[in-house]
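run_3.cif follows; it contains mmCIF, C-alpha atoms.
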```cif
data_upload
loop_
_atom_site.label_atom_id
_atom_site.label_comp_id
_atom_site.auth_asym_id
_atom_site.auth_seq_id
_atom_site.Cartn_x
_atom_site.Cartn_y
_atom_site.Cartn_z
CA MET E 179 11.74 16.84 10.01
CA PRO E 180 8.26 15.30 9.83
CA VAL E 181 7.85 11.89 8.21
CA LEU E 182 5.69 13.23 5.38
CA GLU E 183 8.32 15.84 4.55
CA ALA E 184 10.96 13.09 4.47
CA PHE E 185 8.85 11.06 2.05
CA ARG E 186 8.18 14.10 -0.14
CA LEU E 187 11.91 14.76 -0.31
CA ALA E 188 12.56 11.08 -1.07
CA LEU E 189 10.05 11.06 -3.94
CA LEU E 190 11.60 14.26 -5.34
CA THR E 191 15.03 12.59 -5.26
CA ILE E 192 13.65 9.47 -6.97
CA ARG E 193 12.10 11.65 -9.68
CA ALA E 194 15.35 13.53 -10.15
CA GLN E 195 17.34 10.29 -10.59
CA LYS E 196 14.92 8.17 -12.56
CA LEU E 197 17.39 5.74 -14.13
CA LYS E 198 19.31 5.02 -10.94
CA SER E 199 16.14 4.59 -8.91
CA GLY E 200 14.60 2.48 -11.67
CA PHE E 201 17.49 0.03 -11.65
CA SER E 202 17.47 -0.18 -7.89
CA LEU E 203 13.77 -1.03 -7.71
CA ILE E 204 14.02 -3.81 -10.31
CA GLY E 205 15.08 -6.36 -7.68
CA VAL E 206 12.09 -5.66 -5.47
CA PHE E 207 9.87 -5.56 -8.55
CA ILE E 208 10.93 -9.05 -9.65
CA GLY E 209 10.69 -10.40 -6.10
CA VAL E 210 7.18 -9.13 -5.48
CA ALA E 211 5.92 -10.12 -8.94
CA SER E 212 7.22 -13.68 -8.55
CA LEU E 213 5.81 -13.86 -5.02
CA ILE E 214 2.33 -12.93 -6.20
CA GLY E 215 2.61 -15.22 -9.24
CA ALA E 216 3.71 -18.22 -7.16
CA TRP E 217 1.10 -17.57 -4.49
CA SER E 218 -1.63 -17.27 -7.12
CA ILE E 219 -0.74 -20.58 -8.76
CA VAL E 220 -0.66 -22.39 -5.41
CA ASN E 221 -3.93 -20.74 -4.37
CA GLY E 222 -5.62 -21.57 -7.68
CA VAL E 223 -4.51 -25.19 -7.72
CA ASN E 224 -5.59 -25.61 -4.11
CA ARG E 225 -9.05 -24.23 -4.88
CA TYR E 226 -9.29 -26.33 -8.01
CA MET E 227 -8.45 -29.47 -6.06
CA THR E 228 -11.03 -28.63 -3.39
CA VAL E 229 -13.88 -27.60 -5.64
CA LYS E 230 -13.48 -29.75 -8.72
CA PHE E 231 -11.55 -32.81 -7.72
CA ALA E 232 -12.54 -33.51 -4.13
CA GLN E 233 -16.18 -32.50 -4.48
CA THR E 234 -16.57 -34.53 -7.64
CA LEU E 235 -14.79 -37.53 -6.26
CA TYR E 236 -16.38 -37.52 -2.83
CA GLY E 237 -19.90 -36.83 -3.93
CA VAL E 238 -20.90 -33.23 -3.21
CA ASN E 239 -20.87 -32.57 -6.91
CA THR E 240 -21.79 -36.07 -8.02
CA PHE E 241 -25.02 -37.72 -8.91
CA GLN E 242 -25.28 -41.49 -8.83
CA LEU E 243 -28.14 -43.53 -10.12
CA ARG E 244 -28.01 -46.78 -8.16
CA ARG E 245 -30.20 -49.80 -7.88
CA ARG E 246 -29.61 -50.17 -4.17
CA PRO E 247 -28.54 -47.55 -1.59
CA LEU E 248 -24.82 -47.05 -1.33
CA PHE E 249 -24.89 -46.95 2.44
CA ALA E 250 -27.44 -49.01 4.31
CA ALA E 251 -25.99 -49.44 7.73
CA ASN E 252 -27.67 -51.53 10.44
CA VAL E 253 -30.38 -52.94 8.18
CA PRO E 254 -31.24 -56.43 9.34
CA ASP E 255 -31.65 -59.18 6.75
CA SER E 256 -35.37 -59.49 7.44
CA VAL E 257 -35.95 -55.81 6.62
CA TRP E 258 -33.73 -56.08 3.60
CA ARG E 259 -35.75 -59.03 2.27
CA ALA E 260 -39.01 -57.24 3.02
CA TRP E 261 -38.13 -54.35 0.73
CA PRO E 262 -39.57 -54.72 -2.75
CA PRO E 263 -36.95 -55.61 -5.33
CA PRO E 264 -35.69 -52.43 -7.01
CA PRO E 265 -36.12 -52.18 -10.77
CA ARG E 266 -33.14 -52.69 -13.00
CA ILE E 267 -31.53 -49.46 -14.06
CA LYS E 268 -30.59 -49.07 -17.70
CA PHE E 269 -28.45 -46.49 -19.40
CA GLY E 270 -31.56 -45.00 -20.92
CA ASP E 271 -32.69 -44.00 -17.44
CA ALA E 272 -29.78 -41.58 -17.24
CA ALA E 273 -31.49 -39.28 -19.75
CA ALA E 274 -34.39 -38.72 -17.39
CA GLY E 275 -31.97 -38.17 -14.55
CA ALA E 276 -29.99 -35.64 -16.57
CA ALA E 277 -33.15 -33.75 -17.51
CA ALA E 278 -34.32 -33.71 -13.91
CA ILE E 279 -31.01 -32.49 -12.53
CA CYS E 280 -29.86 -29.78 -14.88
CA GLY E 281 -32.07 -29.41 -17.90
CA ARG E 282 -29.06 -28.35 -19.99
CA GLY E 283 -27.28 -31.66 -20.29
CA ARG E 284 -24.58 -30.90 -17.75
CA MET E 285 -24.58 -34.45 -16.50
CA THR E 286 -21.40 -36.07 -17.68
CA THR E 287 -19.36 -39.05 -16.75
CA SER E 288 -15.87 -38.47 -15.49
CA ARG E 289 -13.03 -39.24 -17.88
CA SER E 290 -11.03 -40.62 -15.00
CA ILE E 291 -13.45 -43.49 -14.57
CA PRO E 292 -12.76 -46.25 -17.09
CA PRO E 293 -15.67 -47.47 -19.27
CA LYS E 294 -15.85 -50.70 -17.29
CA ALA E 295 -16.80 -48.83 -14.15
CA CYS E 296 -19.65 -47.22 -16.03
CA SER E 297 -21.24 -50.56 -16.69
CA GLY E 298 -21.17 -51.37 -13.00
CA SER E 299 -22.49 -48.30 -11.26
CA GLY E 300 -23.46 -45.83 -13.96
CA ARG E 301 -21.54 -43.22 -12.04
CA ALA E 302 -21.97 -39.70 -13.35
CA SER E 303 -20.33 -36.41 -12.43
CA VAL E 304 -19.69 -32.98 -13.95
CA ALA E 305 -15.98 -33.38 -14.43
CA SER E 306 -15.61 -33.45 -18.20
CA SER E 307 -17.23 -31.90 -21.19
CA SER E 308 -18.22 -35.09 -23.00
CA TRP E 309 -17.91 -38.81 -22.57
CA CYS E 310 -19.37 -41.88 -24.17
CA CYS E 311 -20.02 -45.31 -22.75
CA ARG E 312 -21.56 -48.23 -24.61
CA GLY E 313 -22.91 -45.96 -27.30
CA TRP E 314 -24.53 -43.56 -24.82
CA CYS E 315 -22.90 -40.14 -24.72
CA TRP E 316 -23.27 -37.27 -22.34
CA SER E 317 -22.00 -33.84 -23.21
CA ARG E 318 -21.86 -30.36 -21.70
CA SER E 319 -24.02 -28.01 -23.77
CA MET X 41 10.61 -25.24 -2.93
CA VAL X 42 11.92 -23.62 -6.14
CA LEU X 43 9.47 -20.74 -6.35
CA PRO X 44 9.89 -19.53 -2.74
CA GLY X 45 13.65 -19.78 -3.33
CA VAL X 46 13.38 -17.55 -6.42
CA VAL X 47 11.26 -15.07 -4.44
CA LEU X 48 13.74 -15.00 -1.56
CA VAL X 49 16.77 -14.61 -3.82
CA SER X 50 15.08 -11.80 -5.77
CA LEU X 51 14.20 -9.94 -2.60
CA VAL X 52 17.69 -10.34 -1.15
CA ILE X 53 19.24 -9.12 -4.42
CA GLY X 54 16.78 -6.23 -4.46
CA GLY X 55 17.79 -5.32 -0.91
CA ILE X 56 21.50 -5.46 -1.75
CA VAL X 57 20.98 -3.26 -4.82
CA ILE X 58 19.02 -0.74 -2.79
CA MET X 59 21.70 -0.73 -0.08
CA ASN X 60 24.40 -0.18 -2.70
CA ILE X 61 22.48 2.66 -4.34
CA MET X 62 21.86 4.30 -0.96
CA LEU X 63 25.54 4.01 -0.01
CA MET X 64 26.42 5.68 -3.30
CA ALA X 65 23.84 8.37 -2.61
CA VAL X 66 25.33 9.01 0.83
CA ALA X 67 28.83 9.27 -0.69
CA GLU X 68 27.60 11.63 -3.42
CA ARG X 69 25.63 13.83 -1.08
CA THR X 70 28.14 14.15 1.73
CA ARG X 71 28.35 17.91 1.32
CA GLU X 72 24.56 18.20 1.31
CA ILE X 73 24.42 16.21 4.54
CA GLY X 74 27.13 18.39 6.08
CA LEU X 75 25.27 21.53 5.04
CA ARG X 76 22.01 20.27 6.48
CA LYS X 77 23.65 19.32 9.74
CA SER X 78 25.47 22.65 10.00
CA LEU X 79 22.12 24.42 9.48
CA GLY X 80 20.60 22.57 12.41
CA ALA X 81 19.43 19.18 11.14
CA ARG X 82 19.75 16.51 13.78
CA ARG X 83 21.00 12.95 13.32
CA ARG X 84 17.43 11.78 13.47
CA ASP X 85 16.44 14.03 10.56
CA VAL X 86 19.22 12.76 8.29
CA LEU X 87 18.48 9.17 9.29
CA ARG X 88 14.80 9.66 8.55
CA GLN X 89 15.54 11.26 5.18
CA PHE X 90 17.64 8.36 3.90
CA LEU X 91 15.39 5.70 5.41
CA ALA X 92 12.38 7.34 3.75
CA GLU X 93 14.22 7.38 0.43
CA SER X 94 15.10 3.68 0.50
CA ALA X 95 11.62 2.74 1.75
CA ALA X 96 10.04 4.84 -1.01
CA ILE X 97 12.19 3.17 -3.69
CA ALA X 98 11.24 -0.28 -2.40
CA THR X 99 7.56 0.58 -2.05
CA VAL X 100 7.37 1.95 -5.58
CA GLY X 101 9.12 -1.23 -6.77
CA ALA X 102 6.66 -3.33 -4.81
CA ALA X 103 3.71 -1.42 -6.28
CA PHE X 104 4.96 -2.06 -9.83
CA GLY X 105 5.63 -5.66 -8.78
CA VAL X 106 2.04 -6.09 -7.59
CA VAL X 107 0.71 -4.85 -10.92
CA ALA X 108 3.12 -7.12 -12.81
CA GLY X 109 2.23 -10.06 -10.55
CA ILE X 110 -1.49 -9.63 -11.19
CA GLY X 111 -0.79 -9.41 -14.93
CA LEU X 112 1.38 -12.52 -14.72
CA THR X 113 -1.39 -14.37 -12.93
CA PHE X 114 -3.95 -13.53 -15.58
CA LEU X 115 -1.44 -14.50 -18.26
CA ILE X 116 -0.81 -17.87 -16.60
CA ALA X 117 -4.54 -18.50 -16.19
CA ALA X 118 -5.19 -17.63 -19.84
CA ALA X 119 -2.23 -19.32 -21.48
CA SER X 120 -1.85 -22.50 -19.43
CA PRO X 121 -4.11 -25.14 -17.91
CA LEU X 122 -2.96 -24.08 -14.43
CA PRO X 123 -5.82 -22.39 -12.57
CA ALA X 124 -4.41 -19.22 -11.00
CA SER X 125 -6.28 -16.66 -8.93
CA VAL X 126 -4.89 -13.58 -7.17
CA SER X 127 -5.22 -13.61 -3.42
CA PRO X 128 -5.47 -10.30 -1.47
CA VAL X 129 -3.16 -11.79 1.16
CA SER X 130 -0.39 -12.21 -1.42
CA ILE X 131 -0.74 -8.56 -2.50
CA LEU X 132 -0.53 -7.39 1.11
CA LEU X 133 2.43 -9.67 1.78
CA GLY X 134 4.20 -8.46 -1.36
CA VAL X 135 3.84 -4.78 -0.44
CA VAL X 136 4.86 -5.37 3.19
CA MET X 137 7.86 -7.49 2.19
CA GLY X 138 8.94 -4.99 -0.45
CA ALA X 139 8.77 -2.05 1.94
CA GLY X 140 10.45 -4.13 4.65
CA VAL X 141 13.35 -4.96 2.33
CA GLY X 142 13.75 -1.24 1.59
CA VAL X 143 13.75 -0.27 5.26
CA VAL X 144 16.19 -3.04 6.24
CA ALA X 145 18.52 -2.24 3.35
CA GLY X 146 18.38 1.47 4.13
CA VAL X 147 19.29 1.26 7.81
CA TYR X 148 23.06 0.97 7.34
CA PRO X 149 23.50 3.74 4.73
CA ALA X 150 21.17 6.02 6.69
CA SER X 151 23.03 5.48 9.96
CA ARG X 152 26.32 6.14 8.14
CA ALA X 153 24.93 9.39 6.79
CA ALA X 154 23.58 10.37 10.20
CA ARG X 155 26.96 9.80 11.88
CA LEU X 156 28.83 12.08 9.46
CA ASP X 157 30.71 14.97 11.07
CA PRO X 158 29.41 18.19 9.49
CA ILE X 159 32.86 19.84 9.40
CA ALA X 160 34.48 16.84 7.71
CA ALA X 161 31.51 16.55 5.36
CA LEU X 162 31.71 20.20 4.29
CA ARG X 163 35.46 19.96 3.82
CA GLN X 164 35.12 16.99 1.48
CA GLU X 165 35.55 17.78 -2.24
#
```

Show this structure as structure tokens.
Amino acid sequence: MPVLEAFRLALLTIRAQKLKSGFSLIGVFIGVASLIGAWSIVNGVNRYMTVKFAQTLYGVNTFQLRRRPLFAANVPDSVWRAWPPPPRIKFGDAAAGAAAICGRGRMTTSRSIPPKACSGSGRASVASSSWCCRGWCWSRS
Amino acid sequence: MVLPGVVLVSLVIGGIVIMNIMLMAVAERTREIGLRKSLGARRRDVLRQFLAESAAIATVGAAFGVVAGIGLTFLIAAASPLPASVSPVSILLGVVMGAGVGVVAGVYPASRAARLDPIAALRQE
């Protein structure tokens, strides 16, 4: 008997005994549905952590307005002193930065960073919808 | 650890149920098997018939499970803060595992049906 004929016969038998076949496939049904559900949650959380959390935290998705460069390796003191003193950065400068980056006010400050950190580095990212610091608020439009 | 455990237990239970149903089918259809064998069906044909039946049941169950799993994923993504996205690998794995459970669970009932003596099978009431 060819394989296709065997499967045709099997499907005819399943159709003839719907209730019995239905109950017997419930176990596989639940198993496969929970497998896909569990896999999807793990997959989604993994992607979320990679895209949102790691990229925001480690800088791919982060814009920082700093007075001095964050990394200035192997710069001798003489060169450092020769550079003109950088201007002081104020919170008002962030507005120009936000307009230059996005144009739609997508520059926000992460909720995870406490307000004190804001006063130090003015760190900004796109992690939250709105946040205020010292009377200056950013929000996602 | 909990979710893979639930998946494994569900698949094992599904396999046991399928095996039970197939054993019942073999017992119910003993005369049919005897008739087929007396008309010239070989062991291989009977084996293939019952294996195909259990594999078909499991594959249909897996197909419904895939649809339900995708629905569950969208439900989770919509109703909870958990970000969930369906992966094609999980769909493939689900179908393969479902069909595999059916084939594994169908081997014993099918081999029992294939080993039936046609004379004894036809004599059975």

- Query: Selected by the PyMOL selection byres ((chain E) within 10 of (chain X)) in the shown coordinates: which residues, as JSON, numbers by chain?
  - Reply: {"E": [179, 180, 181, 182, 183, 184, 185, 186, 187, 188, 189, 190, 191, 192, 198, 199, 200, 201, 202, 203, 204, 205, 206, 207, 208, 209, 210, 211, 212, 213, 214, 215, 216, 217, 218, 219, 220, 221, 222, 223, 224, 225, 226, 227]}

- Note on the structure: re CA of Pro158 in chain X and CA of Val66 in chain X: distance 13.3 Å

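Straight-line separation from CA of Arg245 in chain E to CA of Val257 in chain E: 16.7 Å.
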
Skipping near chain neighbours, those fewer than 4 positions away, what residues fall within 10 Å of range 72-79 of chain X using all atoms listed in the file, listed as an mmCIF file with C-alpha atoms, in the frame of the given file?
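Below is the file selection-v8.cif, written as the result:
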```
data_model
loop_
_atom_site.group_PDB
_atom_site.id
_atom_site.type_symbol
_atom_site.label_atom_id
_atom_site.label_comp_id
_atom_site.auth_asym_id
_atom_site.auth_seq_id
_atom_site.Cartn_x
_atom_site.Cartn_y
_atom_site.Cartn_z
ATOM 1 C CA VAL X 66 25.330 9.010 0.830
ATOM 2 C CA ALA X 67 28.830 9.270 -0.690
ATOM 3 C CA GLU X 68 27.600 11.630 -3.420
ATOM 4 C CA ARG X 83 21.000 12.950 13.320
ATOM 5 C CA ASP X 85 16.440 14.030 10.560
ATOM 6 C CA VAL X 86 19.220 12.760 8.290
ATOM 7 C CA ALA X 153 24.930 9.390 6.790
ATOM 8 C CA ALA X 154 23.580 10.370 10.200
ATOM 9 C CA LEU X 156 28.830 12.080 9.460
ATOM 10 C CA ASP X 157 30.710 14.970 11.070
ATOM 11 C CA PRO X 158 29.410 18.190 9.490
ATOM 12 C CA ILE X 159 32.860 19.840 9.400
ATOM 13 C CA ALA X 160 34.480 16.840 7.710
ATOM 14 C CA ALA X 161 31.510 16.550 5.360
ATOM 15 C CA LEU X 162 31.710 20.200 4.290
ATOM 16 C CA ARG X 163 35.460 19.960 3.820
ATOM 17 C CA GLN X 164 35.120 16.990 1.480
#
```

- Have a look at CA of Arg244 in chain E and CA of Pro264 in chain E and let me know their distance in Å, one decimal.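 The value is 9.6 Å.
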